[in-house]
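Here's entry_7.pdb, which has PDB, C-alpha atoms, pLDDT in the B column:
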MODEL        1
ATOM      1  CA  MET O 170      10.436  16.222  21.875  1.00 54.00           C
ATOM      2  CA  ARG O 171       8.883  13.057  23.279  1.00 57.00           C
ATOM      3  CA  ARG O 172       6.554  12.770  20.286  1.00 59.00           C
ATOM      4  CA  PHE O 173       9.502  13.192  17.898  1.00 55.00           C
ATOM      5  CA  TYR O 174      11.387  10.422  19.712  1.00 60.00           C
ATOM      6  CA  ARG O 175       8.402   8.065  19.382  1.00 62.00           C
ATOM      7  CA  HIS O 176       8.258   8.668  15.631  1.00 71.00           C
ATOM      8  CA  ARG O 177      11.971   9.110  15.037  1.00 77.00           C
ATOM      9  CA  TRP O 178      12.169   6.350  12.422  1.00 82.00           C
ATOM     10  CA  LEU O 179       9.408   7.957  10.397  1.00 85.00           C
ATOM     11  CA  ALA O 180      11.209  11.296  10.587  1.00 88.00           C
ATOM     12  CA  VAL O 181      14.575   9.788   9.646  1.00 90.00           C
ATOM     13  CA  SER O 182      13.214   7.740   6.736  1.00 91.00           C
ATOM     14  CA  THR O 183      11.212  10.716   5.434  1.00 92.00           C
ATOM     15  CA  LEU O 184      14.273  12.958   5.541  1.00 94.00           C
ATOM     16  CA  LEU O 185      16.332  10.327   3.738  1.00 94.00           C
ATOM     17  CA  LEU O 186      13.627   9.906   1.094  1.00 94.00           C
ATOM     18  CA  LEU O 187      13.402  13.657   0.490  1.00 94.00           C
ATOM     19  CA  GLY O 188      17.170  14.012   0.557  1.00 95.00           C
ATOM     20  CA  PHE O 189      17.816  11.309  -2.026  1.00 94.00           C
ATOM     21  CA  THR O 190      14.815  12.331  -4.156  1.00 94.00           C
ATOM     22  CA  PHE O 191      16.001  15.904  -4.620  1.00 94.00           C
ATOM     23  CA  GLY O 192      19.701  15.477  -3.903  1.00 93.00           C
ATOM     24  CA  MET O 193      20.602  12.250  -5.704  1.00 93.00           C
ATOM     25  CA  PRO O 194      22.617  14.128  -8.397  1.00 92.00           C
ATOM     26  CA  LEU O 195      24.837  15.480  -5.608  1.00 93.00           C
ATOM     27  CA  THR O 196      25.957  11.915  -4.877  1.00 93.00           C
ATOM     28  CA  ALA O 197      27.380  11.515  -8.394  1.00 93.00           C
ATOM     29  CA  PRO O 198      31.029  11.765  -7.171  1.00 93.00           C
ATOM     30  CA  LEU O 199      30.377   8.940  -4.683  1.00 93.00           C
ATOM     31  CA  PHE O 200      28.927   6.671  -7.365  1.00 93.00           C
ATOM     32  CA  ALA O 201      31.762   7.616  -9.741  1.00 92.00           C
ATOM     33  CA  LYS O 202      34.291   6.583  -7.101  1.00 93.00           C
ATOM     34  CA  ALA O 203      32.396   3.392  -6.244  1.00 92.00           C
ATOM     35  CA  PHE O 204      31.983   2.405  -9.926  1.00 92.00           C
ATOM     36  CA  PRO O 205      35.000   3.879 -11.786  1.00 92.00           C
ATOM     37  CA  GLU O 206      34.404   1.564 -14.745  1.00 90.00           C
ATOM     38  CA  LEU O 207      31.065   3.248 -15.546  1.00 90.00           C
ATOM     39  CA  ALA O 208      31.081   6.168 -17.966  1.00 89.00           C
ATOM     40  CA  ARG O 209      27.751   7.489 -16.617  1.00 91.00           C
ATOM     41  CA  PRO O 210      27.291   6.440 -12.983  1.00 93.00           C
ATOM     42  CA  MET O 211      24.307   8.767 -12.365  1.00 94.00           C
ATOM     43  CA  TYR O 212      20.883   8.223 -13.933  1.00 93.00           C
ATOM     44  CA  ARG O 213      19.844  11.468 -15.633  1.00 90.00           C
ATOM     45  CA  GLN O 214      17.178  10.510 -18.187  1.00 90.00           C
ATOM     46  CA  ASP O 215      14.463  11.655 -15.765  1.00 90.00           C
ATOM     47  CA  SER O 216      14.590  13.557 -12.503  1.00 93.00           C
ATOM     48  CA  PHE O 217      14.166  11.348  -9.461  1.00 94.00           C
ATOM     49  CA  ALA O 218      11.460  13.665  -8.125  1.00 95.00           C
ATOM     50  CA  THR O 219       9.430  13.039 -11.294  1.00 94.00           C
ATOM     51  CA  LEU O 220       9.916   9.289 -10.963  1.00 95.00           C
ATOM     52  CA  VAL O 221       8.886   9.289  -7.292  1.00 95.00           C
ATOM     53  CA  LEU O 222       5.703  11.237  -8.063  1.00 95.00           C
ATOM     54  CA  ALA O 223       4.862   8.937 -10.987  1.00 94.00           C
ATOM     55  CA  HIS O 224       5.546   5.877  -8.834  1.00 95.00           C
ATOM     56  CA  LEU O 225       3.325   7.213  -6.052  1.00 94.00           C
ATOM     57  CA  SER O 226       0.515   8.038  -8.459  1.00 94.00           C
ATOM     58  CA  ILE O 227       0.293   4.509  -9.878  1.00 94.00           C
ATOM     59  CA  VAL O 228       0.522   2.977  -6.394  1.00 94.00           C
ATOM     60  CA  LEU O 229      -2.167   5.291  -5.015  1.00 94.00           C
ATOM     61  CA  LEU O 230      -4.516   4.699  -7.950  1.00 94.00           C
ATOM     62  CA  SER O 231      -4.143   0.926  -7.797  1.00 93.00           C
ATOM     63  CA  GLY O 232      -4.419   1.106  -4.001  1.00 93.00           C
ATOM     64  CA  VAL O 233      -7.707   3.007  -4.118  1.00 95.00           C
ATOM     65  CA  ILE O 234      -9.169   0.473  -6.551  1.00 94.00           C
ATOM     66  CA  ALA O 235      -7.903  -2.452  -4.464  1.00 93.00           C
ATOM     67  CA  VAL O 236      -9.278  -0.946  -1.233  1.00 94.00           C
ATOM     68  CA  LEU O 237     -12.700  -0.254  -2.720  1.00 94.00           C
ATOM     69  CA  GLY O 238     -12.871  -3.696  -4.293  1.00 93.00           C
ATOM     70  CA  GLY O 239     -11.483  -5.527  -1.269  1.00 92.00           C
ATOM     71  CA  VAL O 240     -13.730  -3.818   1.276  1.00 93.00           C
ATOM     72  CA  ALA O 241     -16.766  -4.287  -0.974  1.00 93.00           C
ATOM     73  CA  ALA O 242     -15.945  -7.979  -1.324  1.00 92.00           C
ATOM     74  CA  GLY O 243     -15.515  -8.292   2.436  1.00 91.00           C
ATOM     75  CA  LEU O 244     -18.862  -6.620   3.043  1.00 91.00           C
ATOM     76  CA  LEU O 245     -20.551  -8.864   0.493  1.00 91.00           C
ATOM     77  CA  VAL O 246     -19.464 -12.171   2.000  1.00 91.00           C
ATOM     78  CA  THR O 247     -20.049 -11.121   5.611  1.00 88.00           C
ATOM     79  CA  ARG O 248     -23.724 -10.303   4.964  1.00 87.00           C
ATOM     80  CA  PRO O 249     -26.211 -13.164   5.445  1.00 85.00           C
ATOM     81  CA  ALA O 250     -26.995 -13.333   1.717  1.00 85.00           C
ATOM     82  CA  GLY O 251     -23.338 -13.484   0.718  1.00 83.00           C
ATOM     83  CA  ARG O 252     -21.876 -15.893   3.273  1.00 85.00           C
ATOM     84  CA  PRO O 253     -22.263 -18.970   1.020  1.00 88.00           C
ATOM     85  CA  PHE O 254     -19.903 -17.280  -1.477  1.00 87.00           C
ATOM     86  CA  ARG O 255     -17.107 -16.613   1.031  1.00 86.00           C
ATOM     87  CA  SER O 256     -15.009 -19.686   0.243  1.00 87.00           C
ATOM     88  CA  SER O 257     -15.409 -19.143  -3.505  1.00 88.00           C
ATOM     89  CA  LEU O 258     -14.352 -15.504  -3.207  1.00 87.00           C
ATOM     90  CA  GLU O 259     -11.289 -16.380  -1.131  1.00 84.00           C
ATOM     91  CA  THR O 260     -10.296 -19.000  -3.706  1.00 87.00           C
ATOM     92  CA  VAL O 261     -10.649 -16.573  -6.598  1.00 85.00           C
ATOM     93  CA  LEU O 262      -8.646 -13.880  -4.788  1.00 82.00           C
ATOM     94  CA  ALA O 263      -5.917 -16.357  -3.871  1.00 81.00           C
ATOM     95  CA  ILE O 264      -5.675 -17.483  -7.497  1.00 81.00           C
ATOM     96  CA  SER O 265      -5.479 -13.852  -8.671  1.00 76.00           C
ATOM     97  CA  GLN O 266      -2.504 -13.202  -6.405  1.00 74.00           C
ATOM     98  CA  SER O 267      -0.797 -16.446  -7.347  1.00 76.00           C
ATOM     99  CA  PHE O 268      -0.185 -15.105 -10.866  1.00 75.00           C
ATOM    100  CA  PRO O 269       3.167 -13.277 -10.966  1.00 75.00           C
ATOM    101  CA  PRO O 270       2.729  -9.613 -11.952  1.00 76.00           C
ATOM    102  CA  VAL O 271       5.133 -10.145 -14.851  1.00 76.00           C
ATOM    103  CA  ALA O 272       2.860 -12.875 -16.228  1.00 76.00           C
ATOM    104  CA  VAL O 273      -0.173 -10.595 -15.910  1.00 79.00           C
ATOM    105  CA  LEU O 274       1.677  -7.886 -17.818  1.00 79.00           C
ATOM    106  CA  ALA O 275       2.713 -10.358 -20.506  1.00 78.00           C
ATOM    107  CA  VAL O 276      -0.928 -11.325 -21.053  1.00 79.00           C
ATOM    108  CA  ALA O 277      -2.373  -7.810 -20.729  1.00 78.00           C
ATOM    109  CA  VAL O 278       0.017  -5.929 -23.015  1.00 78.00           C
ATOM    110  CA  PRO O 279      -0.985  -7.699 -26.272  1.00 79.00           C
ATOM    111  CA  LEU O 280      -4.653  -7.066 -25.437  1.00 78.00           C
ATOM    112  CA  ILE O 281      -4.473  -3.527 -24.037  1.00 81.00           C
ATOM    113  CA  GLY O 282      -1.152  -2.142 -25.196  1.00 75.00           C
ATOM    114  CA  PHE O 283       1.752  -0.525 -23.388  1.00 80.00           C
ATOM    115  CA  GLY O 284       1.338   2.056 -20.648  1.00 77.00           C
ATOM    116  CA  GLU O 285      -0.090   2.304 -17.157  1.00 83.00           C
ATOM    117  CA  THR O 286      -3.301   0.326 -17.762  1.00 86.00           C
ATOM    118  CA  PRO O 287      -1.771  -3.180 -17.793  1.00 86.00           C
ATOM    119  CA  ALA O 288       0.376  -2.205 -14.812  1.00 87.00           C
ATOM    120  CA  LEU O 289      -2.719  -1.086 -12.894  1.00 89.00           C
ATOM    121  CA  ILE O 290      -4.426  -4.400 -13.644  1.00 87.00           C
ATOM    122  CA  ALA O 291      -1.442  -6.328 -12.290  1.00 86.00           C
ATOM    123  CA  LEU O 292      -1.150  -4.160  -9.157  1.00 89.00           C
ATOM    124  CA  VAL O 293      -4.858  -4.350  -8.374  1.00 89.00           C
ATOM    125  CA  MET O 294      -4.864  -8.138  -8.767  1.00 85.00           C
ATOM    126  CA  TYR O 295      -1.845  -8.345  -6.477  1.00 85.00           C
ATOM    127  CA  GLY O 296      -3.127  -5.864  -3.894  1.00 88.00           C
ATOM    128  CA  VAL O 297      -6.803  -6.718  -3.464  1.00 90.00           C
ATOM    129  CA  LEU O 298      -6.289  -9.993  -1.530  1.00 88.00           C
ATOM    130  CA  PRO O 299      -4.770  -8.498   1.677  1.00 91.00           C
ATOM    131  CA  VAL O 300      -7.491  -5.838   1.771  1.00 93.00           C
ATOM    132  CA  ALA O 301     -10.299  -8.360   1.282  1.00 92.00           C
ATOM    133  CA  GLN O 302      -8.815 -10.694   3.896  1.00 90.00           C
ATOM    134  CA  GLY O 303      -8.548  -7.822   6.373  1.00 91.00           C
ATOM    135  CA  ALA O 304     -12.122  -6.738   5.711  1.00 92.00           C
ATOM    136  CA  ILE O 305     -13.462 -10.276   6.098  1.00 92.00           C
ATOM    137  CA  ALA O 306     -11.478 -10.924   9.276  1.00 90.00           C
ATOM    138  CA  GLY O 307     -12.363  -7.574  10.822  1.00 90.00           C
ATOM    139  CA  LEU O 308     -16.073  -7.712  10.069  1.00 89.00           C
ATOM    140  CA  SER O 309     -16.338 -11.380  11.101  1.00 88.00           C
ATOM    141  CA  SER O 310     -14.643 -10.749  14.460  1.00 87.00           C
ATOM    142  CA  ILE O 311     -17.323  -8.358  15.750  1.00 86.00           C
ATOM    143  CA  GLN O 312     -19.217  -9.955  18.614  1.00 87.00           C
ATOM    144  CA  PRO O 313     -22.912 -10.617  17.893  1.00 86.00           C
ATOM    145  CA  SER O 314     -23.781  -9.100  21.281  1.00 88.00           C
ATOM    146  CA  ILE O 315     -22.468  -5.717  20.110  1.00 87.00           C
ATOM    147  CA  LEU O 316     -24.689  -5.867  17.044  1.00 85.00           C
ATOM    148  CA  GLU O 317     -27.663  -6.818  19.214  1.00 87.00           C
ATOM    149  CA  ILE O 318     -27.029  -3.792  21.429  1.00 88.00           C
ATOM    150  CA  ALA O 319     -26.934  -1.556  18.349  1.00 86.00           C
ATOM    151  CA  ARG O 320     -30.246  -2.977  17.145  1.00 86.00           C
ATOM    152  CA  GLY O 321     -31.700  -2.602  20.594  1.00 87.00           C
ATOM    153  CA  ILE O 322     -31.054   1.143  20.666  1.00 86.00           C
ATOM    154  CA  GLY O 323     -32.900   1.574  17.374  1.00 84.00           C
ATOM    155  CA  MET O 324     -30.175   1.520  14.711  1.00 85.00           C
ATOM    156  CA  ASP O 325     -31.066   0.269  11.254  1.00 84.00           C
ATOM    157  CA  ARG O 326     -28.673  -1.944   9.265  1.00 83.00           C
ATOM    158  CA  TRP O 327     -26.948   0.977   7.518  1.00 86.00           C
ATOM    159  CA  GLN O 328     -26.342   2.791  10.799  1.00 86.00           C
ATOM    160  CA  ILE O 329     -24.968  -0.404  12.303  1.00 87.00           C
ATOM    161  CA  LEU O 330     -22.632  -0.799   9.340  1.00 86.00           C
ATOM    162  CA  TYR O 331     -21.262   2.755   9.321  1.00 86.00           C
ATOM    163  CA  ARG O 332     -21.334   3.515  13.060  1.00 87.00           C
ATOM    164  CA  VAL O 333     -20.484   0.132  14.557  1.00 88.00           C
ATOM    165  CA  GLU O 334     -19.146  -2.507  12.173  1.00 88.00           C
ATOM    166  CA  LEU O 335     -16.784  -0.450  10.019  1.00 88.00           C
ATOM    167  CA  PRO O 336     -15.255   1.506  12.937  1.00 88.00           C
ATOM    168  CA  LEU O 337     -14.661  -1.689  14.934  1.00 89.00           C
ATOM    169  CA  ALA O 338     -13.232  -3.517  11.912  1.00 89.00           C
ATOM    170  CA  ALA O 339     -11.128  -0.519  10.815  1.00 90.00           C
ATOM    171  CA  PRO O 340      -7.829  -1.553  12.533  1.00 90.00           C
ATOM    172  CA  VAL O 341      -7.876  -4.982  10.864  1.00 91.00           C
ATOM    173  CA  ILE O 342      -8.885  -3.498   7.500  1.00 92.00           C
ATOM    174  CA  LEU O 343      -6.105  -0.924   7.860  1.00 92.00           C
ATOM    175  CA  ALA O 344      -3.585  -3.719   8.459  1.00 92.00           C
ATOM    176  CA  GLY O 345      -4.650  -5.308   5.176  1.00 92.00           C
ATOM    177  CA  VAL O 346      -4.397  -1.983   3.351  1.00 94.00           C
ATOM    178  CA  ARG O 347      -0.938  -1.476   4.845  1.00 93.00           C
ATOM    179  CA  THR O 348       0.258  -4.830   3.545  1.00 92.00           C
ATOM    180  CA  SER O 349      -1.264  -4.197   0.122  1.00 92.00           C
ATOM    181  CA  VAL O 350       0.269  -0.738  -0.325  1.00 94.00           C
ATOM    182  CA  VAL O 351       3.752  -1.680   0.901  1.00 93.00           C
ATOM    183  CA  ILE O 352       3.846  -4.736  -1.385  1.00 90.00           C
ATOM    184  CA  ASN O 353       2.661  -2.712  -4.371  1.00 92.00           C
ATOM    185  CA  ILE O 354       5.281  -0.015  -3.832  1.00 94.00           C
ATOM    186  CA  GLY O 355       7.902  -2.648  -4.586  1.00 90.00           C
ATOM    187  CA  THR O 356       5.873  -4.422  -7.253  1.00 89.00           C
ATOM    188  CA  ALA O 357       5.122  -1.188  -9.134  1.00 91.00           C
ATOM    189  CA  ALA O 358       8.750  -1.015 -10.262  1.00 90.00           C
ATOM    190  CA  ILE O 359       8.050  -3.696 -12.883  1.00 88.00           C
ATOM    191  CA  ALA O 360       5.457  -1.397 -14.475  1.00 87.00           C
ATOM    192  CA  SER O 361       8.328   0.283 -16.299  1.00 87.00           C
ATOM    193  CA  THR O 362       8.780  -2.865 -18.376  1.00 84.00           C
ATOM    194  CA  VAL O 363       5.536  -1.984 -20.187  1.00 84.00           C
ATOM    195  CA  GLY O 364       6.190   1.717 -20.638  1.00 82.00           C
ATOM    196  CA  ALA O 365       4.884   3.176 -17.366  1.00 84.00           C
ATOM    197  CA  LYS O 366       7.082   5.775 -15.719  1.00 89.00           C
ATOM    198  CA  THR O 367       8.086   4.579 -12.230  1.00 92.00           C
ATOM    199  CA  LEU O 368      11.194   4.168 -10.107  1.00 93.00           C
ATOM    200  CA  GLY O 369      11.697   0.915 -11.984  1.00 92.00           C
ATOM    201  CA  LEU O 370      13.137   2.854 -14.948  1.00 93.00           C
ATOM    202  CA  PRO O 371      16.672   3.281 -13.562  1.00 94.00           C
ATOM    203  CA  ILE O 372      16.574  -0.318 -12.323  1.00 94.00           C
ATOM    204  CA  ILE O 373      15.574  -1.710 -15.720  1.00 93.00           C
ATOM    205  CA  VAL O 374      17.985   0.542 -17.618  1.00 93.00           C
ATOM    206  CA  GLY O 375      20.716  -0.434 -15.189  1.00 93.00           C
ATOM    207  CA  LEU O 376      20.051  -4.154 -15.573  1.00 91.00           C
ATOM    208  CA  SER O 377      19.926  -3.975 -19.358  1.00 90.00           C
ATOM    209  CA  GLY O 378      23.081  -1.857 -19.538  1.00 89.00           C
ATOM    210  CA  PHE O 379      25.008  -3.621 -16.754  1.00 92.00           C
ATOM    211  CA  ASN O 380      25.001  -0.373 -14.773  1.00 93.00           C
ATOM    212  CA  THR O 381      24.846  -1.335 -11.096  1.00 94.00           C
ATOM    213  CA  ALA O 382      24.798   2.325 -10.014  1.00 95.00           C
ATOM    214  CA  TYR O 383      21.450   2.897 -11.724  1.00 95.00           C
ATOM    215  CA  VAL O 384      20.018  -0.201 -10.065  1.00 95.00           C
ATOM    216  CA  ILE O 385      21.138   0.974  -6.623  1.00 95.00           C
ATOM    217  CA  GLN O 386      19.707   4.461  -7.146  1.00 95.00           C
ATOM    218  CA  GLY O 387      16.280   3.187  -8.168  1.00 95.00           C
ATOM    219  CA  ALA O 388      16.156   0.421  -5.564  1.00 95.00           C
ATOM    220  CA  LEU O 389      17.204   2.808  -2.789  1.00 95.00           C
ATOM    221  CA  LEU O 390      14.288   5.144  -3.452  1.00 96.00           C
ATOM    222  CA  VAL O 391      11.804   2.267  -3.767  1.00 96.00           C
ATOM    223  CA  ALA O 392      12.970   0.894  -0.421  1.00 95.00           C
ATOM    224  CA  LEU O 393      12.782   4.283   1.299  1.00 95.00           C
ATOM    225  CA  LEU O 394       9.307   4.886  -0.158  1.00 95.00           C
ATOM    226  CA  ALA O 395       8.115   1.536   1.202  1.00 94.00           C
ATOM    227  CA  ILE O 396       9.620   2.241   4.630  1.00 94.00           C
ATOM    228  CA  VAL O 397       7.994   5.680   4.850  1.00 95.00           C
ATOM    229  CA  ALA O 398       4.612   4.265   3.793  1.00 94.00           C
ATOM    230  CA  ASP O 399       4.886   1.461   6.355  1.00 93.00           C
ATOM    231  CA  GLN O 400       5.779   3.933   9.114  1.00 92.00           C
ATOM    232  CA  LEU O 401       2.861   6.198   8.161  1.00 92.00           C
ATOM    233  CA  PHE O 402       0.443   3.280   8.374  1.00 91.00           C
ATOM    234  CA  ASP O 403       1.944   2.342  11.735  1.00 88.00           C
ATOM    235  CA  LEU O 404       1.352   5.884  12.995  1.00 86.00           C
ATOM    236  CA  LEU O 405      -2.206   5.831  11.658  1.00 85.00           C
ATOM    237  CA  SER O 406      -2.953   2.478  13.290  1.00 82.00           C
ATOM    238  CA  GLN O 407      -1.598   3.698  16.648  1.00 77.00           C
ATOM    239  CA  ARG O 408      -3.920   6.691  16.570  1.00 73.00           C
ATOM    240  CA  TRP O 409      -6.916   4.785  15.227  1.00 66.00           C
ATOM    241  CA  THR O 410      -6.891   1.648  17.374  1.00 61.00           C
ATOM    242  CA  PRO O 411      -7.451   3.292  20.800  1.00 47.00           C
ATOM    243  CA  ALA O 412     -10.357   5.293  19.399  1.00 46.00           C
ATOM    244  CA  VAL O 413     -12.307   2.283  18.178  1.00 44.00           C
ATOM    245  CA  SER O 414     -11.219  -0.480  20.531  1.00 44.00           C
ATOM    246  CA  ALA O 415     -13.557  -1.374  23.290  1.00 44.00           C
ATOM    247  CA  ALA O 416     -13.118  -3.638  26.272  1.00 41.00           C
ATOM    248  CA  PRO O 417     -15.671  -6.421  26.778  1.00 43.00           C
ATOM    249  CA  GLY O 418     -18.798  -4.875  28.191  1.00 44.00           C
ATOM    250  CA  ALA O 419     -17.827  -1.340  27.225  1.00 43.00           C
ATOM    251  CA  ARG O 420     -20.508   1.013  25.897  1.00 46.00           C
ATOM    252  CA  VAL O 421     -20.720   1.188  22.102  1.00 42.00           C
ATOM    253  CA  GLU O 422     -20.076   4.704  20.842  1.00 44.00           C
ATOM    254  CA  THR O 423     -22.924   5.765  18.574  1.00 41.00           C
ATOM    255  CA  ARG O 424     -22.187   9.357  17.872  1.00 40.00           C
TER
ENDMDL
END
Take the structure in this file and express it as structure tokens.
Amino acid sequence: MRRFYRHRWLAVSTLLLLGFTFGMPLTAPLFAKAFPELARPMYRQDSFATLVLAHLSIVLLSGVIAVLGGVAAGLLVTRPAGRPFRSSLETVLAISQSFPPVAVLAVAVPLIGFGETPALIALVMYGVLPVAQGAIAGLSSIQPSILEIARGIGMDRWQILYRVELPLAAPVILAGVRTSVVINIGTAAIASTVGAKTLGLPIIVGLSGFNTAYVIQGALLVALLAIVADQLFDLLSQRWTPAVSAAPGARVETR
């Protein structure tokens, strides 16, 4: 019971997400009463469960690419050979995120065509910066004395990376991943403007047809999805941080 109370917001938001995902058609009378001027107050072109799954798939795929690219970039510029390129990398990543996703889609569609590919490009460009910043900050914050201890007990550079550096930097990297994923959950809605199936479909159809009910239905699920994802990352960070945090002078775990 105590554990449920600690994570009550995650439980509530998850129940609301599941409830609206599978039970949105049951709210049709409420939307009909709230918008009596609309002939079709409930979006029925696709099931909301299908849209949620499609939305999650594009966010997860772009998130995996952004995490791999961001962590790799962070590793590159925190190694002795790559440190001179750190400022250049940060500038390039900042420029990539400064482009609005809509502008990226407008450029990518004529070259690649409609579908998920241009949307993935836009989401990766928008999501890689927080991950890279988290990786750089986390890896750079490790005290040199800890690395010296690891070398002193006979670890090679790969063992130090996987057993010391990455575990100690994990909470900061996770914070960057959390920011990236939550932002992209909202940003992914615009992918429907180029033919990708996401929760942006009812929003775009609603805006083009002056149907506020459709907009509310799509936006509600996007918001709940972002809240659930944020709460899951919060739970993960709470469980991860105590396991890898160490007080000054504490023994480095090498198992």
Using all atoms listed in the file, find each residue of segment 243-338 of chain O with at least one atom at most 9 Å away from an atom of segment 355-376 of chain O; report its shortest atom-to-atom pair and that distance in Å (one decimal), sort the rows by chain and rising residue number, and return the result as a tab-separated table.
residue	atom	partner	partner_atom	distance
O:Pro270	CA	O:Thr356	CA	7.7
O:Val271	CA	O:Ile359	CA	7.3
O:Leu274	CA	O:Val363	CA	7.4
O:Ala275	CA	O:Val363	CA	8.8
O:Val278	CA	O:Val363	CA	7.3
O:Gly282	CA	O:Val363	CA	8.4
O:Phe283	CA	O:Val363	CA	5.2
O:Gly284	CA	O:Gly364	CA	4.9
O:Glu285	CA	O:Ala365	CA	5.1
O:Thr286	CA	O:Ala365	CA	8.7
O:Pro287	CA	O:Val363	CA	7.8
O:Ala288	CA	O:Ala360	CA	5.2
O:Leu289	CA	O:Ala360	CA	8.3
O:Ala291	CA	O:Ala360	CA	8.8
O:Leu292	CA	O:Ala357	CA	6.9
O:Tyr295	CA	O:Thr356	CA	8.7
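In this structure, atom CA of Ile264 of chain O sits 9.6 Å away from atom CA of Leu298 of chain O.
Going from atom CA of Val293 of chain O over to atom CA of Leu186 of chain O, you cover 25.2 Å.
The nearest approach to Trp327 of chain O among the residues O:Thr260, O:Ile354, O:Leu244, O:Ser349, with only C-alpha atoms taken into account, belongs to O:Leu244.
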Apply the PyMOL selection byres ((chain O and resi 240) around 8) to the displayed file and report the matching residues as JSON, numbers by chain.
{"O": [236, 237, 238, 239, 241, 242, 243, 244, 300, 301, 304, 342]}
Minimum-distance residue to Val221 of chain O, chosen among O:Leu207, O:Met324, O:Leu187, O:Val261 (using only C-alpha atoms):
O:Leu187
Counting all atoms listed in the file, the residue among O:Ala180, O:Ala338, O:Ile305, O:Leu393 that lies closest to Ser256 of chain O is O:Ile305
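Residue neighbourhood of segment 195-200 of chain O, excluding near-sequence residues (fewer than 3 positions): Gly192, Ala203, Phe204, Pro210 and Met211 of chain O, at 6 Å, using all atoms listed in the file.
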